[in-house]
$ cat run_31.pdb   # PDB, C-alpha atoms
MODEL        1
ATOM      1  CA  MET F   1       5.171  -3.028  -9.114  1.00  0.00           C
ATOM      2  CA  ILE F   2       8.645  -2.789  -7.583  1.00  0.00           C
ATOM      3  CA  ARG F   3       8.843  -4.443  -4.169  1.00  0.00           C
ATOM      4  CA  LEU F   4       9.809  -2.082  -1.342  1.00  0.00           C
ATOM      5  CA  VAL F   5      11.938  -3.104   1.621  1.00  0.00           C
ATOM      6  CA  LEU F   6      12.603  -0.861   4.614  1.00  0.00           C
ATOM      7  CA  ALA F   7      16.088  -1.614   5.944  1.00  0.00           C
ATOM      8  CA  SER F   8      15.125  -0.759   9.506  1.00  0.00           C
ATOM      9  CA  GLY F   9      13.558  -2.126  12.644  1.00  0.00           C
ATOM     10  CA  SER F  10      12.183   1.324  13.521  1.00  0.00           C
ATOM     11  CA  ALA F  11       8.510   1.124  14.445  1.00  0.00           C
ATOM     12  CA  THR F  12       8.151   4.856  13.725  1.00  0.00           C
ATOM     13  CA  ARG F  13       9.521   4.615  10.176  1.00  0.00           C
ATOM     14  CA  ALA F  14       7.360   1.572   9.461  1.00  0.00           C
ATOM     15  CA  ALA F  15       4.294   3.409  10.805  1.00  0.00           C
ATOM     16  CA  LEU F  16       5.005   6.399   8.541  1.00  0.00           C
ATOM     17  CA  LEU F  17       5.176   4.182   5.450  1.00  0.00           C
ATOM     18  CA  ARG F  18       2.028   2.277   6.439  1.00  0.00           C
ATOM     19  CA  ALA F  19       0.138   5.509   7.125  1.00  0.00           C
ATOM     20  CA  ALA F  20       1.118   6.721   3.636  1.00  0.00           C
ATOM     21  CA  GLY F  21      -0.458   3.581   2.157  1.00  0.00           C
ATOM     22  CA  LEU F  22       2.768   1.914   1.005  1.00  0.00           C
ATOM     23  CA  ASP F  23       3.126  -1.843   0.712  1.00  0.00           C
ATOM     24  CA  PHE F  24       6.532  -2.904   2.035  1.00  0.00           C
ATOM     25  CA  THR F  25       8.399  -5.363   4.199  1.00  0.00           C
ATOM     26  CA  ALA F  26      10.764  -4.369   6.996  1.00  0.00           C
ATOM     27  CA  GLN F  27      14.127  -6.029   7.479  1.00  0.00           C
ATOM     28  CA  PRO F  28      16.375  -4.651  10.220  1.00  0.00           C
ATOM     29  CA  ALA F  29      19.926  -3.988   9.023  1.00  0.00           C
ATOM     30  CA  PRO F  30      22.376  -4.490  11.863  1.00  0.00           C
ATOM     31  CA  VAL F  31      25.262  -2.080  11.401  1.00  0.00           C
ATOM     32  CA  ASP F  32      27.700  -0.693  13.950  1.00  0.00           C
ATOM     33  CA  GLU F  33      26.312   2.837  13.948  1.00  0.00           C
ATOM     34  CA  ALA F  34      28.482   4.011  16.840  1.00  0.00           C
ATOM     35  CA  SER F  35      31.705   3.054  15.038  1.00  0.00           C
ATOM     36  CA  LEU F  36      30.573   4.620  11.765  1.00  0.00           C
ATOM     37  CA  LYS F  37      29.619   7.879  13.516  1.00  0.00           C
ATOM     38  CA  GLU F  38      32.860   7.947  15.470  1.00  0.00           C
ATOM     39  CA  ALA F  39      34.917   7.432  12.297  1.00  0.00           C
ATOM     40  CA  ALA F  40      32.932  10.114  10.448  1.00  0.00           C
ATOM     41  CA  ARG F  41      33.477  12.608  13.280  1.00  0.00           C
ATOM     42  CA  ALA F  42      37.184  11.764  13.472  1.00  0.00           C
ATOM     43  CA  GLU F  43      37.567  12.273   9.706  1.00  0.00           C
ATOM     44  CA  GLY F  44      35.738  15.612   9.786  1.00  0.00           C
ATOM     45  CA  ILE F  45      32.905  14.359   7.574  1.00  0.00           C
ATOM     46  CA  PRO F  46      30.001  16.867   7.609  1.00  0.00           C
ATOM     47  CA  PRO F  47      26.838  15.702   9.412  1.00  0.00           C
ATOM     48  CA  ALA F  48      24.755  15.455   6.219  1.00  0.00           C
ATOM     49  CA  ASP F  49      27.347  13.182   4.616  1.00  0.00           C
ATOM     50  CA  ALA F  50      27.655  11.127   7.799  1.00  0.00           C
ATOM     51  CA  ALA F  51      23.883  10.603   7.859  1.00  0.00           C
ATOM     52  CA  ILE F  52      24.024   9.446   4.219  1.00  0.00           C
ATOM     53  CA  LEU F  53      26.887   7.084   5.101  1.00  0.00           C
ATOM     54  CA  LEU F  54      24.819   5.498   7.876  1.00  0.00           C
ATOM     55  CA  ALA F  55      21.668   5.219   5.769  1.00  0.00           C
ATOM     56  CA  GLU F  56      23.656   3.704   2.914  1.00  0.00           C
ATOM     57  CA  ALA F  57      25.291   1.118   5.182  1.00  0.00           C
ATOM     58  CA  LYS F  58      21.824  -0.107   6.166  1.00  0.00           C
ATOM     59  CA  ALA F  59      20.415  -0.113   2.628  1.00  0.00           C
ATOM     60  CA  MET F  60      23.484  -1.879   1.223  1.00  0.00           C
ATOM     61  CA  ARG F  61      23.330  -4.592   3.874  1.00  0.00           C
ATOM     62  CA  VAL F  62      19.740  -5.530   3.047  1.00  0.00           C
ATOM     63  CA  ALA F  63      20.160  -4.979  -0.708  1.00  0.00           C
ATOM     64  CA  ARG F  64      22.703  -7.806  -0.837  1.00  0.00           C
ATOM     65  CA  ARG F  65      19.897 -10.181   0.165  1.00  0.00           C
ATOM     66  CA  GLU F  66      17.205  -8.397  -1.886  1.00  0.00           C
ATOM     67  CA  PRO F  67      18.789  -7.328  -5.213  1.00  0.00           C
ATOM     68  CA  GLU F  68      15.460  -6.983  -7.073  1.00  0.00           C
ATOM     69  CA  ALA F  69      13.766  -4.916  -4.390  1.00  0.00           C
ATOM     70  CA  LEU F  70      14.012  -1.182  -3.872  1.00  0.00           C
ATOM     71  CA  VAL F  71      15.651  -0.997  -0.448  1.00  0.00           C
ATOM     72  CA  ILE F  72      15.179   2.087   1.726  1.00  0.00           C
ATOM     73  CA  GLY F  73      17.919   2.899   4.221  1.00  0.00           C
ATOM     74  CA  ALA F  74      17.466   5.793   6.638  1.00  0.00           C
ATOM     75  CA  ASP F  75      19.309   7.429   9.485  1.00  0.00           C
ATOM     76  CA  GLN F  76      19.233  10.620  11.496  1.00  0.00           C
ATOM     77  CA  LEU F  77      21.844  12.764  13.221  1.00  0.00           C
ATOM     78  CA  LEU F  78      21.178  15.585  15.644  1.00  0.00           C
ATOM     79  CA  VAL F  79      23.630  18.497  15.706  1.00  0.00           C
ATOM     80  CA  CYS F  80      23.461  21.497  18.028  1.00  0.00           C
ATOM     81  CA  GLU F  81      26.068  24.247  17.687  1.00  0.00           C
ATOM     82  CA  GLY F  82      28.617  21.801  16.282  1.00  0.00           C
ATOM     83  CA  ALA F  83      28.044  19.036  18.856  1.00  0.00           C
ATOM     84  CA  TRP F  84      26.691  15.676  17.670  1.00  0.00           C
ATOM     85  CA  PHE F  85      24.138  13.909  19.853  1.00  0.00           C
ATOM     86  CA  ASP F  86      23.342  10.183  19.989  1.00  0.00           C
ATOM     87  CA  LYS F  87      20.380   8.301  21.424  1.00  0.00           C
ATOM     88  CA  PRO F  88      20.660   8.515  25.212  1.00  0.00           C
ATOM     89  CA  GLU F  89      21.509   5.238  26.932  1.00  0.00           C
ATOM     90  CA  ASP F  90      19.204   5.834  29.898  1.00  0.00           C
ATOM     91  CA  LEU F  91      16.959   8.420  31.562  1.00  0.00           C
ATOM     92  CA  ALA F  92      19.924  10.181  33.156  1.00  0.00           C
ATOM     93  CA  GLY F  93      21.481  10.567  29.718  1.00  0.00           C
ATOM     94  CA  ALA F  94      18.173  11.828  28.330  1.00  0.00           C
ATOM     95  CA  ARG F  95      17.956  14.420  31.109  1.00  0.00           C
ATOM     96  CA  ALA F  96      21.496  15.673  30.410  1.00  0.00           C
ATOM     97  CA  GLN F  97      20.811  15.811  26.678  1.00  0.00           C
ATOM     98  CA  LEU F  98      17.570  17.743  27.045  1.00  0.00           C
ATOM     99  CA  GLN F  99      19.249  20.172  29.443  1.00  0.00           C
ATOM    100  CA  ALA F 100      21.968  20.729  26.819  1.00  0.00           C
ATOM    101  CA  LEU F 101      19.364  21.358  24.084  1.00  0.00           C
ATOM    102  CA  ARG F 102      17.062  23.518  26.245  1.00  0.00           C
ATOM    103  CA  GLY F 103      16.582  27.033  24.872  1.00  0.00           C
ATOM    104  CA  ARG F 104      18.703  26.265  21.793  1.00  0.00           C
ATOM    105  CA  THR F 105      18.134  25.420  18.136  1.00  0.00           C
ATOM    106  CA  HIS F 106      19.276  22.091  16.734  1.00  0.00           C
ATOM    107  CA  THR F 107      19.243  20.536  13.278  1.00  0.00           C
ATOM    108  CA  LEU F 108      18.209  17.013  12.400  1.00  0.00           C
ATOM    109  CA  PHE F 109      20.020  15.552   9.403  1.00  0.00           C
ATOM    110  CA  THR F 110      17.517  12.947   8.210  1.00  0.00           C
ATOM    111  CA  ALA F 111      19.004  10.887   5.378  1.00  0.00           C
ATOM    112  CA  MET F 112      17.525   8.322   3.014  1.00  0.00           C
ATOM    113  CA  VAL F 113      19.392   6.140   0.539  1.00  0.00           C
ATOM    114  CA  LEU F 114      17.689   3.775  -1.913  1.00  0.00           C
ATOM    115  CA  TRP F 115      19.465   0.773  -3.407  1.00  0.00           C
ATOM    116  CA  ARG F 116      18.458  -1.562  -6.228  1.00  0.00           C
ATOM    117  CA  HIS F 117      20.361  -4.010  -8.437  1.00  0.00           C
ATOM    118  CA  GLY F 118      23.537  -3.612  -6.414  1.00  0.00           C
ATOM    119  CA  GLN F 119      23.801   0.176  -6.585  1.00  0.00           C
ATOM    120  CA  ARG F 120      22.587   3.370  -5.019  1.00  0.00           C
ATOM    121  CA  VAL F 121      19.754   4.805  -7.116  1.00  0.00           C
ATOM    122  CA  TRP F 122      18.779   7.818  -5.002  1.00  0.00           C
ATOM    123  CA  GLN F 123      19.624   9.764  -1.872  1.00  0.00           C
ATOM    124  CA  HIS F 124      18.121  12.659   0.025  1.00  0.00           C
ATOM    125  CA  VAL F 125      18.875  14.600   3.204  1.00  0.00           C
ATOM    126  CA  ALA F 126      16.252  16.713   4.958  1.00  0.00           C
ATOM    127  CA  THR F 127      17.386  19.257   7.554  1.00  0.00           C
ATOM    128  CA  PRO F 128      14.557  20.235   9.892  1.00  0.00           C
ATOM    129  CA  ARG F 129      15.438  22.839  12.534  1.00  0.00           C
ATOM    130  CA  LEU F 130      13.860  22.720  15.974  1.00  0.00           C
ATOM    131  CA  THR F 131      14.080  25.263  18.782  1.00  0.00           C
ATOM    132  CA  MET F 132      13.411  24.112  22.320  1.00  0.00           C
ATOM    133  CA  ARG F 133      11.797  26.482  24.772  1.00  0.00           C
ATOM    134  CA  ASP F 134      13.500  27.306  28.040  1.00  0.00           C
ATOM    135  CA  PHE F 135      11.470  24.795  30.080  1.00  0.00           C
ATOM    136  CA  SER F 136      11.868  24.406  33.828  1.00  0.00           C
ATOM    137  CA  ASP F 137      13.573  21.531  35.607  1.00  0.00           C
ATOM    138  CA  SER F 138      10.236  20.605  37.170  1.00  0.00           C
ATOM    139  CA  PHE F 139       8.671  20.339  33.697  1.00  0.00           C
ATOM    140  CA  LEU F 140      11.609  18.172  32.611  1.00  0.00           C
ATOM    141  CA  ASP F 141      11.040  15.878  35.611  1.00  0.00           C
ATOM    142  CA  ARG F 142       7.355  15.482  34.730  1.00  0.00           C
ATOM    143  CA  TYR F 143       8.150  14.912  31.047  1.00  0.00           C
ATOM    144  CA  LEU F 144      10.697  12.178  31.767  1.00  0.00           C
ATOM    145  CA  ALA F 145       8.359  10.498  34.262  1.00  0.00           C
ATOM    146  CA  LEU F 146       5.575  10.538  31.663  1.00  0.00           C
ATOM    147  CA  GLU F 147       7.648   9.283  28.723  1.00  0.00           C
ATOM    148  CA  GLY F 148       9.944   6.882  30.580  1.00  0.00           C
ATOM    149  CA  GLU F 149      12.240   4.658  28.512  1.00  0.00           C
ATOM    150  CA  ALA F 150      10.600   5.838  25.246  1.00  0.00           C
ATOM    151  CA  VAL F 151      12.981   8.824  25.277  1.00  0.00           C
ATOM    152  CA  THR F 152      15.951   6.473  24.781  1.00  0.00           C
ATOM    153  CA  HIS F 153      14.608   5.428  21.351  1.00  0.00           C
ATOM    154  CA  SER F 154      15.066   8.893  19.834  1.00  0.00           C
ATOM    155  CA  VAL F 155      18.255  10.728  18.925  1.00  0.00           C
ATOM    156  CA  GLY F 156      16.785  13.851  20.527  1.00  0.00           C
ATOM    157  CA  ALA F 157      15.342  12.165  23.638  1.00  0.00           C
ATOM    158  CA  TYR F 158      11.887  13.306  22.522  1.00  0.00           C
ATOM    159  CA  ARG F 159       8.929  12.075  20.516  1.00  0.00           C
ATOM    160  CA  LEU F 160       7.452  14.991  18.628  1.00  0.00           C
ATOM    161  CA  GLU F 161       4.342  12.890  17.981  1.00  0.00           C
ATOM    162  CA  GLY F 162       3.796  12.626  21.755  1.00  0.00           C
ATOM    163  CA  PRO F 163       4.304  14.819  24.824  1.00  0.00           C
ATOM    164  CA  GLY F 164       7.714  15.827  23.432  1.00  0.00           C
ATOM    165  CA  ILE F 165       5.967  18.505  21.377  1.00  0.00           C
ATOM    166  CA  GLN F 166       5.691  20.502  24.620  1.00  0.00           C
ATOM    167  CA  LEU F 167       9.477  20.894  24.715  1.00  0.00           C
ATOM    168  CA  PHE F 168       9.459  23.168  21.663  1.00  0.00           C
ATOM    169  CA  ARG F 169       8.991  26.809  20.835  1.00  0.00           C
ATOM    170  CA  GLU F 170       9.442  26.496  17.061  1.00  0.00           C
ATOM    171  CA  VAL F 171       9.679  23.660  14.535  1.00  0.00           C
ATOM    172  CA  GLU F 172      10.713  24.092  10.889  1.00  0.00           C
ATOM    173  CA  GLY F 173      10.566  21.221   8.402  1.00  0.00           C
ATOM    174  CA  GLU F 174       8.488  18.296   7.210  1.00  0.00           C
ATOM    175  CA  HIS F 175       6.926  16.456  10.159  1.00  0.00           C
ATOM    176  CA  SER F 176       7.823  13.007   8.800  1.00  0.00           C
ATOM    177  CA  ALA F 177      11.457  14.081   8.345  1.00  0.00           C
ATOM    178  CA  ILE F 178      11.578  15.014  12.022  1.00  0.00           C
ATOM    179  CA  LEU F 179      10.211  11.564  12.868  1.00  0.00           C
ATOM    180  CA  GLY F 180      12.941   9.913  10.775  1.00  0.00           C
ATOM    181  CA  LEU F 181      11.763   9.494   7.170  1.00  0.00           C
ATOM    182  CA  PRO F 182      11.160  12.409   4.741  1.00  0.00           C
ATOM    183  CA  LEU F 183       8.021  11.066   3.053  1.00  0.00           C
ATOM    184  CA  LEU F 184       7.310  13.750   0.449  1.00  0.00           C
ATOM    185  CA  PRO F 185      10.645  13.408  -1.411  1.00  0.00           C
ATOM    186  CA  LEU F 186      10.435   9.610  -1.119  1.00  0.00           C
ATOM    187  CA  LEU F 187       6.914   9.503  -2.565  1.00  0.00           C
ATOM    188  CA  GLY F 188       8.015  11.805  -5.391  1.00  0.00           C
ATOM    189  CA  PHE F 189      10.905   9.490  -6.269  1.00  0.00           C
ATOM    190  CA  LEU F 190       8.697   6.403  -6.169  1.00  0.00           C
ATOM    191  CA  ARG F 191       6.131   8.001  -8.499  1.00  0.00           C
ATOM    192  CA  GLN F 192       8.808   9.096 -10.976  1.00  0.00           C
ATOM    193  CA  HIS F 193      10.194   5.557 -11.133  1.00  0.00           C
ATOM    194  CA  GLY F 194       6.976   3.612 -11.484  1.00  0.00           C
ATOM    195  CA  ALA F 195       6.864   2.247  -7.950  1.00  0.00           C
ATOM    196  CA  LEU F 196       3.693   4.279  -7.234  1.00  0.00           C
ATOM    197  CA  ASP F 197       0.822   5.602  -9.348  1.00  0.00           C
TER     198      ASP F 197
ENDMDL
END
$ encode --input "run_31.pdb" --output "structure tokens"
Amino acid sequence: MIRLVLASGSATRAALLRAAGLDFTAQPAPVDEASLKEAARAEGIPPADAAILLAEAKAMRVARREPEALVIGADQLLVCEGAWFDKPEDLAGARAQLQALRGRTHTLFTAMVLWRHGQRVWQHVATPRLTMRDFSDSFLDRYLALEGEAVTHSVGAYRLEGPGIQLFREVEGEHSAILGLPLLPLLGFLRQHGALD
């Protein structure tokens, strides 16, 4: 069997792979995401391509140390009406971000890049679309008090697998892709290439 390595320190991505029954190791890939995003925006690179760029930077970093393994790099961008959003730095930033997204539809560009033997062997971008309901400020206060600092770990300032589901009116797309790792396409690739039965 091909050894799998997740080039991420994300507890959510690791939990998704474990829940799917995959055997893997996780190795965080420190990359300067802010600089890469800023450069991509400045160069007019489309969000899907920018997400691939970020995922590839992570996979490539770990693949240098693990050339025989199949290394999974992943990243996610949130775009709403042309504006790119990053993980909020604090609760005040999360509040401002959720107020900006309230009542609007945004797209998550969830990218995966797989590397092995010094080269990219596969890539995929999922594009779930999520529409927030027009929630009240008092609901937002209660939500932020309930979730606390957890909202700063997500590009959208929400955890769909938790109370964040109450922020939404409509969700389109694979649940795991919204959480940060499109599992169905990944599992399909792994089966086609002998990494899974």
$ resolve_selection --input "run_31.pdb" --expression "the PyMOL selection byres ((chain F and resi 180) around 10)" --output "PyMOL selection string"
chain F and resi 10+12-13+16+74-77+108-112+126+154-155+175-179+181-183
$ residues_near_point --input "run_31.pdb" --point "(15.0, 16.0, 26.2)" --cutoff "10 Å" --atoms "all atoms listed in the file" --output "list in words"
Pro88, Leu91, Gly93, Ala94, Arg95, Ala96, Gln97, Leu98, Gln99, Ala100, Leu101, Arg102, Met132, Leu140, Tyr143, Leu144, Val151, Thr152, Ser154, Val155, Gly156, Ala157, Tyr158, Arg159, Gly164 and Leu167 of chain F
$ closest_residue --input "run_31.pdb" --among "F:Arg142, F:Arg116, F:Gln27, F:Arg41" --to "Pro67 in chain F" --atoms "all atoms listed in the file"
F:Arg116
$ closest_residue --input "run_31.pdb" --among "F:Ala92, F:Ala7, F:Ala26, F:Ile45" --to "Val62 in chain F" --atoms "all atoms listed in the file"
F:Ala7
$ resolve_selection --input "run_31.pdb" --expression "the PyMOL selection byres ((chain F and resi 55) around 12)" --output "ChimeraX atom specification"
/F:6-8,29-33,36-37,48-54,56-62,71-77,109-115,120,122-125,180-181
$ residues_around --input "run_31.pdb" --residues "Leu4 in chain F" --least-positions-apart "5" --cutoff "8 Å" --atoms "all atoms listed in the file" --output "number ranges by chain"
F: 23-25, 69-72
$ atom_distance --input "run_31.pdb" --atom1 "CA of Asp197 in chain F" --atom2 "CA of Thr127 in chain F"
27.3 Å
$ atom_distance --input "run_31.pdb" --atom1 "CA of His106 in chain F" --atom2 "CA of Glu161 in chain F"
17.6 Å
$ atom_distance --input "run_31.pdb" --atom1 "CA of Thr131 in chain F" --atom2 "CA of Asp86 in chain F"
17.7 Å
$ closest_residue --input "run_31.pdb" --among "F:Val121, F:Gly9, F:Asp90, F:Gly82" --to "His193 in chain F" --atoms "only C-alpha atoms"
F:Val121
$ build_atoms --input "run_31.pdb" --residues "range 103-114 of chain F" --atoms "all heavy atoms" --output "mmCIF file, keeping the file's coordinate frame"
data_model
loop_
_atom_site.group_PDB
_atom_site.id
_atom_site.type_symbol
_atom_site.label_atom_id
_atom_site.label_comp_id
_atom_site.auth_asym_id
_atom_site.auth_seq_id
_atom_site.Cartn_x
_atom_site.Cartn_y
_atom_site.Cartn_z
ATOM 1 N N GLY F 103 16.414 25.635 25.256
ATOM 2 C CA GLY F 103 16.582 27.033 24.872
ATOM 3 C C GLY F 103 17.439 27.240 23.638
ATOM 4 O O GLY F 103 17.748 28.379 23.289
ATOM 5 N N ARG F 104 17.809 26.169 22.963
ATOM 6 C CA ARG F 104 18.703 26.265 21.793
ATOM 7 C C ARG F 104 18.046 25.648 20.560
ATOM 8 O O ARG F 104 17.079 24.891 20.663
ATOM 9 C CB ARG F 104 20.019 25.537 22.089
ATOM 10 C CG ARG F 104 20.748 26.111 23.292
ATOM 11 C CD ARG F 104 21.795 25.177 23.831
ATOM 12 N NE ARG F 104 23.011 25.198 23.034
ATOM 13 C CZ ARG F 104 24.016 24.358 23.200
ATOM 14 N NH1 ARG F 104 23.959 23.408 24.124
ATOM 15 N NH2 ARG F 104 25.098 24.444 22.450
ATOM 16 N N THR F 105 18.619 25.967 19.413
ATOM 17 C CA THR F 105 18.134 25.420 18.136
ATOM 18 C C THR F 105 19.063 24.302 17.689
ATOM 19 O O THR F 105 20.286 24.454 17.734
ATOM 20 C CB THR F 105 18.083 26.515 17.055
ATOM 21 O OG1 THR F 105 17.165 27.533 17.466
ATOM 22 C CG2 THR F 105 17.633 25.949 15.711
ATOM 23 N N HIS F 106 18.474 23.183 17.282
ATOM 24 C CA HIS F 106 19.276 22.091 16.734
ATOM 25 C C HIS F 106 18.743 21.687 15.363
ATOM 26 O O HIS F 106 17.609 22.001 14.997
ATOM 27 C CB HIS F 106 19.334 20.886 17.684
ATOM 28 C CG HIS F 106 18.017 20.207 17.923
ATOM 29 N ND1 HIS F 106 17.215 20.495 18.994
ATOM 30 C CD2 HIS F 106 17.373 19.233 17.236
ATOM 31 C CE1 HIS F 106 16.140 19.730 18.969
ATOM 32 N NE2 HIS F 106 16.204 18.957 17.901
ATOM 33 N N THR F 107 19.596 21.015 14.614
ATOM 34 C CA THR F 107 19.243 20.536 13.278
ATOM 35 C C THR F 107 19.255 19.023 13.271
ATOM 36 O O THR F 107 20.165 18.395 13.822
ATOM 37 C CB THR F 107 20.241 21.062 12.225
ATOM 38 O OG1 THR F 107 20.238 22.490 12.254
ATOM 39 C CG2 THR F 107 19.864 20.602 10.821
ATOM 40 N N LEU F 108 18.239 18.455 12.647
ATOM 41 C CA LEU F 108 18.209 17.013 12.400
ATOM 42 C C LEU F 108 18.624 16.775 10.952
ATOM 43 O O LEU F 108 18.050 17.364 10.039
ATOM 44 C CB LEU F 108 16.802 16.454 12.631
ATOM 45 C CG LEU F 108 16.285 16.477 14.067
ATOM 46 C CD1 LEU F 108 14.811 16.087 14.103
ATOM 47 C CD2 LEU F 108 17.106 15.549 14.949
ATOM 48 N N PHE F 109 19.624 15.948 10.748
ATOM 49 C CA PHE F 109 20.020 15.552 9.403
ATOM 50 C C PHE F 109 19.397 14.178 9.160
ATOM 51 O O PHE F 109 19.892 13.162 9.650
ATOM 52 C CB PHE F 109 21.543 15.512 9.288
ATOM 53 C CG PHE F 109 22.176 16.869 9.398
ATOM 54 C CD1 PHE F 109 22.493 17.406 10.640
ATOM 55 C CD2 PHE F 109 22.426 17.628 8.265
ATOM 56 C CE1 PHE F 109 23.057 18.668 10.749
ATOM 57 C CE2 PHE F 109 22.990 18.896 8.360
ATOM 58 C CZ PHE F 109 23.306 19.414 9.605
ATOM 59 N N THR F 110 18.286 14.175 8.439
ATOM 60 C CA THR F 110 17.517 12.947 8.210
ATOM 61 C C THR F 110 17.791 12.470 6.783
ATOM 62 O O THR F 110 17.346 13.097 5.827
ATOM 63 C CB THR F 110 16.015 13.194 8.421
ATOM 64 O OG1 THR F 110 15.816 13.793 9.703
ATOM 65 C CG2 THR F 110 15.241 11.890 8.360
ATOM 66 N N ALA F 111 18.537 11.371 6.680
ATOM 67 C CA ALA F 111 19.004 10.887 5.378
ATOM 68 C C ALA F 111 18.261 9.631 4.949
ATOM 69 O O ALA F 111 17.909 8.794 5.774
ATOM 70 C CB ALA F 111 20.500 10.593 5.444
ATOM 71 N N MET F 112 18.055 9.535 3.635
ATOM 72 C CA MET F 112 17.525 8.322 3.014
ATOM 73 C C MET F 112 18.413 7.949 1.841
ATOM 74 O O MET F 112 18.830 8.826 1.078
ATOM 75 C CB MET F 112 16.116 8.547 2.461
ATOM 76 C CG MET F 112 15.017 8.472 3.466
ATOM 77 S SD MET F 112 13.399 8.551 2.647
ATOM 78 C CE MET F 112 13.513 10.083 1.747
ATOM 79 N N VAL F 113 18.665 6.667 1.694
ATOM 80 C CA VAL F 113 19.392 6.140 0.539
ATOM 81 C C VAL F 113 18.610 4.944 0.017
ATOM 82 O O VAL F 113 18.212 4.076 0.797
ATOM 83 C CB VAL F 113 20.830 5.718 0.923
ATOM 84 C CG1 VAL F 113 21.519 5.038 -0.258
ATOM 85 C CG2 VAL F 113 21.639 6.919 1.389
ATOM 86 N N LEU F 114 18.379 4.904 -1.292
ATOM 87 C CA LEU F 114 17.689 3.775 -1.913
ATOM 88 C C LEU F 114 18.656 2.994 -2.778
ATOM 89 O O LEU F 114 19.422 3.586 -3.551
ATOM 90 C CB LEU F 114 16.511 4.269 -2.767
ATOM 91 C CG LEU F 114 15.170 4.437 -2.037
ATOM 92 C CD1 LEU F 114 15.288 5.413 -0.877
ATOM 93 C CD2 LEU F 114 14.084 4.886 -2.988
#
